[in-house]
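Text of data.pdb, listed as PDB, C-alpha atoms and all ligand atoms:
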ATOM      1  CA  MET A   1       0.000   0.000   0.000
ATOM      2  CA  ILE A   2       2.582   2.526   1.122
ATOM      3  CA  CYS A   3       4.911   1.720  -1.804
ATOM      4  CA  LYS A   4       2.181   2.232  -4.313
ATOM      5  CA  LYS A   5       1.541   5.723  -3.033
ATOM      6  CA  LEU A   6       5.130   6.683  -2.301
ATOM      7  CA  LEU A   7       6.593   6.063  -5.757
ATOM      8  CA  PRO A   8       4.431   8.491  -7.729
ATOM      9  CA  CYS A   9       5.076  11.039  -4.984
ATOM     10  CA  ILE A  10       8.846  10.676  -5.324
ATOM     11  CA  ALA A  11       8.555  10.996  -9.107
ATOM     12  CA  LEU A  12       6.507  14.167  -8.746
ATOM     13  CA  GLY A  13       8.879  15.584  -6.175
ATOM     14  CA  LEU A  14      11.863  14.975  -8.447
ATOM     15  CA  ALA A  15      10.169  16.583 -11.429
ATOM     16  CA  ALA A  16       9.321  19.638  -9.345
ATOM     17  CA  SER A  17      12.865  20.052  -7.984
ATOM     18  CA  CYS A  18      14.372  19.531 -11.460
ATOM     19  CA  ALA A  19      12.166  22.226 -12.869
ATOM     20  CA  THR A  20      13.368  24.767 -10.286
ATOM     21  CA  PHE A  21      17.119  23.956 -10.435
ATOM     22  CA  PRO A  22      18.979  27.049 -11.759
ATOM     23  CA  ASP A  23      20.436  26.821 -15.272
ATOM     24  CA  ALA A  24      24.199  26.947 -15.971
ATOM     25  CA  PRO A  25      24.495  30.770 -16.343
ATOM     26  CA  ASN A  26      22.689  31.257 -13.017
ATOM     27  CA  VAL A  27      24.864  28.672 -11.255
ATOM     28  CA  ALA A  28      27.909  30.557 -12.568
ATOM     29  CA  LEU A  29      26.454  33.866 -11.391
ATOM     30  CA  SER A  30      25.779  32.479  -7.879
ATOM     31  CA  ALA A  31      29.327  31.135  -7.751
ATOM     32  CA  GLU A  32      30.691  34.582  -8.702
ATOM     33  CA  GLU A  33      28.564  36.187  -5.974
ATOM     34  CA  MET A  34      29.786  33.687  -3.374
ATOM     35  CA  ILE A  35      33.415  34.355  -4.312
ATOM     36  CA  GLU A  36      32.875  38.115  -4.172
ATOM     37  CA  ALA A  37      31.243  37.788  -0.727
ATOM     38  CA  ALA A  38      34.116  35.598   0.505
ATOM     39  CA  TYR A  39      36.669  38.275  -0.442
ATOM     40  CA  ALA A  40      34.758  41.188   1.118
ATOM     41  CA  GLY A  41      37.091  43.248   3.304
ATOM     42  CA  ALA A  42      40.175  41.314   2.133
ATOM     43  CA  PRO A  43      43.373  43.179   1.144
ATOM     44  CA  ASP A  44      43.284  44.675  -2.381
ATOM     45  CA  VAL A  45      45.907  42.295  -3.783
ATOM     46  CA  LEU A  46      43.705  39.368  -2.810
ATOM     47  CA  VAL A  47      40.492  40.956  -4.099
ATOM     48  CA  LYS A  48      42.223  41.507  -7.445
ATOM     49  CA  ARG A  49      42.868  37.774  -7.715
ATOM     50  CA  ALA A  50      39.136  37.098  -7.691
ATOM     51  CA  VAL A  51      38.556  39.385 -10.698
ATOM     52  CA  GLN A  52      38.774  37.358 -13.899
ATOM     53  CA  ASP A  53      40.360  38.804 -17.033
ATOM     54  CA  ALA A  54      38.634  38.216 -20.399
ATOM     55  CA  ASP A  55      40.619  35.027 -21.103
ATOM     56  CA  GLN A  56      40.019  33.577 -17.635
ATOM     57  CA  LYS A  57      36.294  34.240 -18.092
ATOM     58  CA  LEU A  58      36.319  32.216 -21.317
ATOM     59  CA  CYS A  59      38.249  29.445 -19.566
ATOM     60  CA  SER A  60      35.968  29.387 -16.514
ATOM     61  CA  ARG A  61      32.903  28.329 -18.453
ATOM     62  CA  PRO A  62      31.436  24.922 -17.531
ATOM     63  CA  ALA A  63      33.317  21.979 -19.081
ATOM     64  CA  SER A  64      30.191  21.140 -21.092
ATOM     65  CA  GLU A  65      30.551  24.435 -23.027
ATOM     66  CA  LYS A  66      33.524  23.730 -25.259
ATOM     67  CA  LEU A  67      35.656  26.611 -26.578
ATOM     68  CA  SER A  68      35.024  27.378 -30.236
ATOM     69  CA  SER A  69      38.159  27.403 -32.404
ATOM     70  CA  GLU A  70      37.942  31.224 -32.619
ATOM     71  CA  GLU A  71      37.825  31.476 -28.814
ATOM     72  CA  ALA A  72      40.766  29.099 -28.420
ATOM     73  CA  GLU A  73      42.679  31.186 -30.946
ATOM     74  CA  ARG A  74      41.839  34.356 -28.999
ATOM     75  CA  VAL A  75      43.203  32.832 -25.762
ATOM     76  CA  THR A  76      46.466  31.631 -27.357
ATOM     77  CA  SER A  77      47.126  34.854 -29.242
ATOM     78  CA  SER A  78      46.504  37.033 -26.193
ATOM     79  CA  ALA A  79      48.821  34.728 -24.185
ATOM     80  CA  LYS A  80      51.504  35.151 -26.869
ATOM     81  CA  ALA A  81      51.056  38.922 -26.764
ATOM     82  CA  SER A  82      51.524  38.867 -22.955
ATOM     83  CA  MET A  83      55.109  37.508 -23.111
ATOM     84  CA  ARG A  84      57.851  39.507 -21.389
ATOM     85  CA  TYR A  85      61.495  38.433 -21.294
ATOM     86  CA  PRO A  86      64.430  39.202 -18.961
ATOM     87  CA  SER A  87      66.218  42.421 -19.945
ATOM     88  CA  SER A  88      69.461  40.404 -20.254
ATOM     89  CA  GLY A  89      67.810  38.403 -23.065
ATOM     90  CA  LYS A  90      68.998  35.216 -21.326
ATOM     91  CA  LEU A  91      66.072  32.787 -21.029
ATOM     92  CA  ALA A  92      67.916  30.094 -19.054
ATOM     93  CA  GLY A  93      69.602  31.132 -15.780
ATOM     94  CA  ASP A  94      71.111  29.197 -12.880
ATOM     95  CA  TRP A  95      69.560  25.755 -12.249
ATOM     96  CA  LYS A  96      70.485  25.871  -8.534
ATOM     97  CA  ALA A  97      68.439  29.056  -8.071
ATOM     98  CA  GLY A  98      65.672  27.361 -10.093
ATOM     99  CA  GLU A  99      65.778  24.324  -7.799
ATOM    100  CA  GLN A 100      64.958  26.546  -4.811
ATOM    101  CA  LEU A 101      62.020  28.097  -6.649
ATOM    102  CA  VAL A 102      60.337  24.937  -7.974
ATOM    103  CA  SER A 103      59.589  23.579  -4.514
ATOM    104  CA  ASN A 104      59.116  26.859  -2.677
ATOM    105  CA  ALA A 105      55.826  28.648  -2.130
ATOM    106  CA  ALA A 106      56.454  30.685   0.993
ATOM    107  CA  GLY A 107      56.164  34.093  -0.641
ATOM    108  CA  MET A 108      53.384  35.975   1.066
ATOM    109  CA  ARG A 109      51.522  35.718   4.349
ATOM    110  CA  ILE A 110      48.272  37.361   5.384
ATOM    111  CA  ARG A 111      48.661  38.884   8.829
ATOM    112  CA  ASP A 112      46.329  41.371  10.519
ATOM    113  CA  GLY A 113      44.353  41.766   7.288
ATOM    114  CA  ARG A 114      47.457  42.728   5.318
ATOM    115  CA  ILE A 115      49.701  40.878   2.941
ATOM    116  CA  GLU A 116      53.305  40.631   3.996
ATOM    117  CA  GLN A 117      55.963  39.602   1.542
ATOM    118  CA  VAL A 118      58.038  37.373   3.825
ATOM    119  CA  ASN A 119      60.095  35.768   1.099
ATOM    120  CA  GLU A 120      60.452  35.934  -2.675
ATOM    121  CA  ASN A 121      57.513  34.241  -4.422
ATOM    122  CA  GLY A 122      58.114  30.624  -5.371
ATOM    123  CA  ALA A 123      56.771  28.517  -8.225
ATOM    124  CA  LEU A 124      55.691  25.286  -6.532
ATOM    125  CA  CYS A 125      56.001  23.316  -9.777
ATOM    126  CA  VAL A 126      56.319  20.105  -7.729
ATOM    127  CA  ASN A 127      52.680  20.426  -6.697
ATOM    128  CA  CYS A 128      51.823  19.346 -10.240
ATOM    129  CA  HIS A 129      54.992  17.915 -11.823
ATOM    130  CA  ALA A 130      57.609  15.293 -10.987
ATOM    131  CA  LEU A 131      61.069  16.833 -11.575
ATOM    132  CA  ASP A 132      63.946  15.377  -9.512
ATOM    133  CA  PRO A 133      63.525  11.561  -9.756
ATOM    134  CA  LYS A 134      64.616  11.289  -6.078
ATOM    135  CA  ASP A 135      61.740  13.508  -4.933
ATOM    136  CA  LEU A 136      58.737  11.264  -4.305
ATOM    137  CA  ASN A 137      56.503  13.899  -2.738
ATOM    138  CA  VAL A 138      55.187  15.390  -5.988
ATOM    139  CA  GLY A 139      51.861  16.013  -7.704
ATOM    140  CA  ASN A 140      50.669  14.581 -10.994
ATOM    141  CA  LEU A 141      48.174  17.113 -12.325
ATOM    142  CA  GLY A 142      50.754  17.982 -14.989
ATOM    143  CA  PRO A 143      52.980  15.606 -16.985
ATOM    144  CA  ALA A 144      56.184  14.312 -15.338
ATOM    145  CA  LEU A 145      59.169  16.466 -16.332
ATOM    146  CA  THR A 146      61.797  14.000 -15.082
ATOM    147  CA  GLY A 147      64.617  13.749 -17.650
ATOM    148  CA  TYR A 148      63.199  16.789 -19.555
ATOM    149  CA  GLY A 149      66.543  18.166 -20.773
ATOM    150  CA  ALA A 150      67.997  14.726 -21.494
ATOM    151  CA  GLN A 151      64.905  13.997 -23.602
ATOM    152  CA  HIS A 152      64.326  17.296 -25.422
ATOM    153  CA  GLY A 153      67.861  18.691 -25.464
ATOM    154  CA  ASN A 154      68.742  22.285 -24.567
ATOM    155  CA  SER A 155      68.517  24.065 -27.919
ATOM    156  CA  ASP A 156      67.409  27.715 -28.072
ATOM    157  CA  ALA A 157      64.000  26.513 -29.320
ATOM    158  CA  VAL A 158      63.509  24.203 -26.299
ATOM    159  CA  ILE A 159      64.623  26.950 -23.901
ATOM    160  CA  LYS A 160      62.260  29.501 -25.494
ATOM    161  CA  TYR A 161      59.327  27.058 -25.432
ATOM    162  CA  THR A 162      59.968  26.185 -21.770
ATOM    163  CA  TYR A 163      60.296  29.865 -20.796
ATOM    164  CA  GLU A 164      57.071  30.816 -22.584
ATOM    165  CA  LYS A 165      55.247  27.779 -21.194
ATOM    166  CA  ILE A 166      56.078  28.944 -17.654
ATOM    167  CA  TYR A 167      55.418  32.642 -18.370
ATOM    168  CA  ASN A 168      52.001  31.951 -19.869
ATOM    169  CA  ALA A 169      51.081  28.290 -20.464
ATOM    170  CA  TRP A 170      47.995  29.262 -22.469
ATOM    171  CA  ALA A 171      50.161  30.399 -25.397
ATOM    172  CA  TYR A 172      50.484  26.705 -26.228
ATOM    173  CA  TYR A 173      47.443  25.143 -24.592
ATOM    174  CA  PRO A 174      44.424  27.431 -24.185
ATOM    175  CA  CYS A 175      42.771  27.202 -20.752
ATOM    176  CA  SER A 176      45.099  24.472 -19.426
ATOM    177  CA  ASN A 177      45.298  23.946 -15.669
ATOM    178  CA  MET A 178      48.840  25.299 -15.498
ATOM    179  CA  PRO A 179      48.884  28.741 -13.802
ATOM    180  CA  ARG A 180      50.004  31.736 -15.898
ATOM    181  CA  LEU A 181      52.894  32.388 -13.532
ATOM    182  CA  GLY A 182      54.653  35.249 -15.328
ATOM    183  CA  HIS A 183      51.564  36.860 -16.805
ATOM    184  CA  ASN A 184      49.869  36.961 -13.400
ATOM    185  CA  GLY A 185      52.936  38.487 -11.792
ATOM    186  CA  TYR A 186      53.846  35.672  -9.377
ATOM    187  CA  LEU A 187      57.282  35.170 -10.921
ATOM    188  CA  THR A 188      59.541  37.780 -12.513
ATOM    189  CA  PRO A 189      61.136  37.098 -15.935
ATOM    190  CA  GLU A 190      64.510  36.652 -14.142
ATOM    191  CA  GLN A 191      63.047  34.062 -11.748
ATOM    192  CA  ILE A 192      61.447  32.220 -14.675
ATOM    193  CA  ALA A 193      64.831  32.023 -16.416
ATOM    194  CA  HIS A 194      66.252  30.264 -13.303
ATOM    195  CA  VAL A 195      63.253  27.914 -13.225
ATOM    196  CA  VAL A 196      63.791  27.091 -16.943
ATOM    197  CA  ALA A 197      67.379  26.037 -16.242
ATOM    198  CA  TYR A 198      66.271  23.473 -13.659
ATOM    199  CA  PRO A 199      64.539  21.028 -16.099
ATOM    200  CA  VAL A 200      66.712  21.969 -19.100
ATOM    201  CA  ASP A 201      70.300  22.046 -17.725
ATOM    202  CA  LEU A 202      71.975  18.668 -18.116
ATOM    203  CA  GLN A 203      73.805  19.136 -14.770
ATOM    204  CA  SER A 204      70.512  19.449 -12.881
ATOM    205  CA  PRO A 205      69.158  16.526 -10.801
ATOM    206  CA  VAL A 206      66.110  16.464 -13.151
ATOM    207  CA  ASN A 207      68.367  14.889 -15.781
ATOM    208  CA  ARG A 208      70.173  12.542 -13.402
ATOM    209  CA  LYS A 209      70.546   9.052 -14.823
TER     210      LYS A 209
HETATM  211  C1  LIG B   1      48.502  23.660 -10.923
HETATM  212  C2  LIG B   1      49.339  22.697 -11.584
HETATM  213  C3  LIG B   1      50.583  23.145 -12.285
HETATM  214  C4  LIG B   1      51.631  23.902 -11.771
HETATM  215  C5  LIG B   1      51.749  24.532 -10.374
HETATM  216  C6  LIG B   1      52.631  23.933 -12.796
HETATM  217  N1  LIG B   1      52.203  23.249 -13.911
HETATM  218 FE1  LIG B   1      53.270  22.906 -15.601
HETATM  219  N2  LIG B   1      51.686  21.945 -16.428
HETATM  220  C7  LIG B   1      50.510  21.663 -15.789
HETATM  221  C8  LIG B   1      49.617  20.975 -16.707
HETATM  222  C9  LIG B   1      48.210  20.503 -16.378
HETATM  223  C10 LIG B   1      50.311  20.841 -17.922
HETATM  224  C11 LIG B   1      49.794  20.157 -19.205
HETATM  225  C12 LIG B   1      48.915  21.143 -19.956
HETATM  226  C13 LIG B   1      49.711  22.248 -20.580
HETATM  227  O1  LIG B   1      50.617  21.950 -21.398
HETATM  228  O2  LIG B   1      49.460  23.418 -20.262
HETATM  229  C14 LIG B   1      51.625  21.452 -17.711
HETATM  230  C15 LIG B   1      52.621  21.515 -18.686
HETATM  231  C16 LIG B   1      53.918  21.948 -18.442
HETATM  232  C17 LIG B   1      55.010  21.894 -19.391
HETATM  233  C18 LIG B   1      54.933  21.378 -20.803
HETATM  234  C19 LIG B   1      55.425  19.953 -20.845
HETATM  235  C20 LIG B   1      55.643  19.452 -22.251
HETATM  236  O3  LIG B   1      56.065  18.274 -22.372
HETATM  237  O4  LIG B   1      55.431  20.186 -23.219
HETATM  238  C21 LIG B   1      56.126  22.400 -18.769
HETATM  239  C22 LIG B   1      57.537  22.536 -19.346
HETATM  240  C23 LIG B   1      55.724  22.773 -17.430
HETATM  241  N3  LIG B   1      54.381  22.493 -17.264
HETATM  242  C24 LIG B   1      56.581  23.297 -16.489
HETATM  243  C25 LIG B   1      56.178  23.793 -15.251
HETATM  244  C26 LIG B   1      57.046  24.465 -14.319
HETATM  245  C27 LIG B   1      58.550  24.623 -14.519
HETATM  246  C28 LIG B   1      56.280  24.862 -13.275
HETATM  247  C29 LIG B   1      56.682  25.690 -12.082
HETATM  248  C30 LIG B   1      57.178  27.017 -12.455
HETATM  249  C31 LIG B   1      54.923  24.395 -13.519
HETATM  250  N4  LIG B   1      54.897  23.766 -14.735
HETATM  251  C32 LIG B   1      53.853  24.569 -12.651
HETATM  252  C33 LIG B   1      50.179  21.981 -14.484
HETATM  253  C34 LIG B   1      50.957  22.754 -13.636
END
Please go through the file and, once you have read it, give me the structure as structure tokens.
Amino acid sequence: MICKKLLPCIALGLAASCATFPDAPNVALSAEEMIEAAYAGAPDVLVKRAVQDADQKLCSRPASEKLSSEEAERVTSSAKASMRYPSSGKLAGDWKAGEQLVSNAAGMRIRDGRIEQVNENGALCVNCHALDPKDLNVGNLGPALTGYGAQHGNSDAVIKYTYEKIYNAWAYYPCSNMPRLGHNGYLTPEQIAHVVAYPVDLQSPVNRK
């Protein structure tokens, strides 16, 4: 008896709740509002991080809404236009300085509602990439870069690609999950050159046999 009555009720209830569920643009809007509310009263540098530029807006659309080829082209060409290089013109620096940066993230701290720069910003590449084969505490969101220089060589073309990939990854892969570290101002062009040397230099532990 109970089952007979309960089932149609559940079906009706589901239909009603489906009909009132907000559509994708409204879900996105609510998410934006929640983020804005979460940053209220935060230091300006933090608030700025929650404001999406035109490319980030394109890339933040739901996964079901694929980028059109024109949109993908717009993201890659604006990433290419964003490139800045060290004034020395040298795109590969000192791998030992790079080694410090790839596993370091202790740049800023929020204290008493203000941001304090306690250290130079780091890159934290190891959160997403394996680099030194001896380092087992690494993430795998990005491809393993172990043996990168031994595999690809250290030609000017490889160095330029690696530099640009780190400065603004979207120049080669629109909307990828790799942060735009130079474009967003977390790393300076000089720091990026040191980071480039770490996977590319054949003396670096990344290319250890
Ligand atoms: C949040 C995760 C994340 C972080 C942090 C990150 N990456 Fe990536 N990286 C990725 C992903 C995902 C890809 C693959 C998609 C792409 O090519 O953009 C990638 C691709 C790359 C590639 C291209 C590999 C190839 O074979 O062409 C290089 C080089 C690279 N990352 C280097 C770095 C370095 C160096 C750092 C630190 C400065 C870093 N990444 C930080 C996620 C990350």
>> Quick check on the file I pasted: which residues fall under the PyMOL selection byres (((chain A and resi 150-153) around 8) and not hetatm)? Write them as a PyMOL selection string.
In response: chain A and resi 147-149+154-155+158+200+202+207
> What residues come out when you apply the PyMOL selection byres (((chain A and resi 181) around 9) and not hetatm) to this file, written as a PyMOL selection string?
Replying inline: chain A and resi 123+166-169+178-180+182-188+192
Selected residues written out with C-alpha atoms, as an mmCIF file, in the coordinates of the input:
data_model
loop_
_atom_site.group_PDB
_atom_site.id
_atom_site.type_symbol
_atom_site.label_atom_id
_atom_site.label_comp_id
_atom_site.auth_asym_id
_atom_site.auth_seq_id
_atom_site.Cartn_x
_atom_site.Cartn_y
_atom_site.Cartn_z
ATOM 1 C CA ALA A 123 56.771 28.517 -8.225
ATOM 2 C CA ILE A 166 56.078 28.944 -17.654
ATOM 3 C CA TYR A 167 55.418 32.642 -18.370
ATOM 4 C CA ASN A 168 52.001 31.951 -19.869
ATOM 5 C CA ALA A 169 51.081 28.290 -20.464
ATOM 6 C CA MET A 178 48.840 25.299 -15.498
ATOM 7 C CA PRO A 179 48.884 28.741 -13.802
ATOM 8 C CA ARG A 180 50.004 31.736 -15.898
ATOM 9 C CA GLY A 182 54.653 35.249 -15.328
ATOM 10 C CA HIS A 183 51.564 36.860 -16.805
ATOM 11 C CA ASN A 184 49.869 36.961 -13.400
ATOM 12 C CA GLY A 185 52.936 38.487 -11.792
ATOM 13 C CA TYR A 186 53.846 35.672 -9.377
ATOM 14 C CA LEU A 187 57.282 35.170 -10.921
ATOM 15 C CA THR A 188 59.541 37.780 -12.513
ATOM 16 C CA ILE A 192 61.447 32.220 -14.675
#
>> With distances taken over all atoms listed in the file, which residue among A:Ala79, A:Ile159, A:Ala171, A:Ala37 lies nearest Ala92 in chain A?
In response: A:Ile159
Which residues of range 143-196 of chain A sit at most 10 Å from range 54-61 of chain A, using all atoms listed in the file? Give each one's shortest atom pair and distance in Å (one decimal place), in chain and ascending residue order, as JSON lines.
{"residue": "A:Trp170", "atom": "CA", "partner": "A:Asp55", "partner_atom": "CA", "distance": 9.5}
{"residue": "A:Pro174", "atom": "CA", "partner": "A:Cys59", "partner_atom": "CA", "distance": 8.0}
{"residue": "A:Cys175", "atom": "CA", "partner": "A:Cys59", "partner_atom": "CA", "distance": 5.2}
{"residue": "A:Ser176", "atom": "CA", "partner": "A:Cys59", "partner_atom": "CA", "distance": 8.5}
{"residue": "A:Asn177", "atom": "CA", "partner": "A:Cys59", "partner_atom": "CA", "distance": 9.8}
> Using only C-alpha atoms, which residue out of A:Leu136, A:Ala24, A:Val102, A:Ala193 lies closest to Pro62 in chain A?
Replying inline: A:Ala24
> What is the atom N2 of ligand LIG 1 (chain B) to CA of Tyr163 in chain A distance in Å?
Replying inline: 12.5 Å
>> I'd like to know which of A:Ile35, A:Ala63, A:Cys125, A:Val47 is closest to ligand LIG 1 (chain B), using all atoms listed in the file.
In response: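 Of all the options, A:Cys125 lies closest to ligand LIG 1 (chain B).
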> With distances taken over all atoms listed in the file, which of A:Pro189, A:Pro199, A:Pro205, A:Gly142 is nearest to ligand LIG 1 (chain B)?
Replying inline: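 Result for the nearest residue to ligand LIG 1 (chain B): A:Gly142.
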>> Suppose a student applies the PyMOL selection byres (((chain A and resi 96) around 10) and not hetatm) to this structure; what residues should they get, written as number ranges by chain?
In response: A: 93-95, 97-101, 194-195, 197-198, 201, 203-205
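Proximity of A:Val45, A:Val75, A:Ala50, A:Val126 to ligand LIG 1 (chain B), computed with all atoms listed in the file, is greatest for A:Val126.
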> Which is closest to ligand LIG 1 (chain B) among A:Gln191, A:Thr162, A:Thr20, A:Asn121, if we use only C-alpha atoms and all ligand atoms?
Replying inline: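 Among the listed residues, the smallest separation from ligand LIG 1 (chain B) belongs to A:Thr162.
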> What is the atom C19 of ligand LIG 1 (chain B)-CA of Ala144 in chain A distance in Å, reported with one decimal?
Replying inline: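 Between these atoms lies a distance of 7.9 Å.
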>> Please compute the atom C27 of ligand LIG 1 (chain B)-CA of Val118 in chain A distance, one decimal, in Å.
In response: 22.3 Å
Put a box with edges along x, y and z around all the listed atoms of range 99-114 of chain A, pad it by 8 Å on each side, then give me its centre and sizes in Å, one decimal, as AutoDock Vina command-line options.
--center_x 55.1 --center_y 33.2 --center_z 1.3 --size_x 37.4 --size_y 35.1 --size_z 34.5
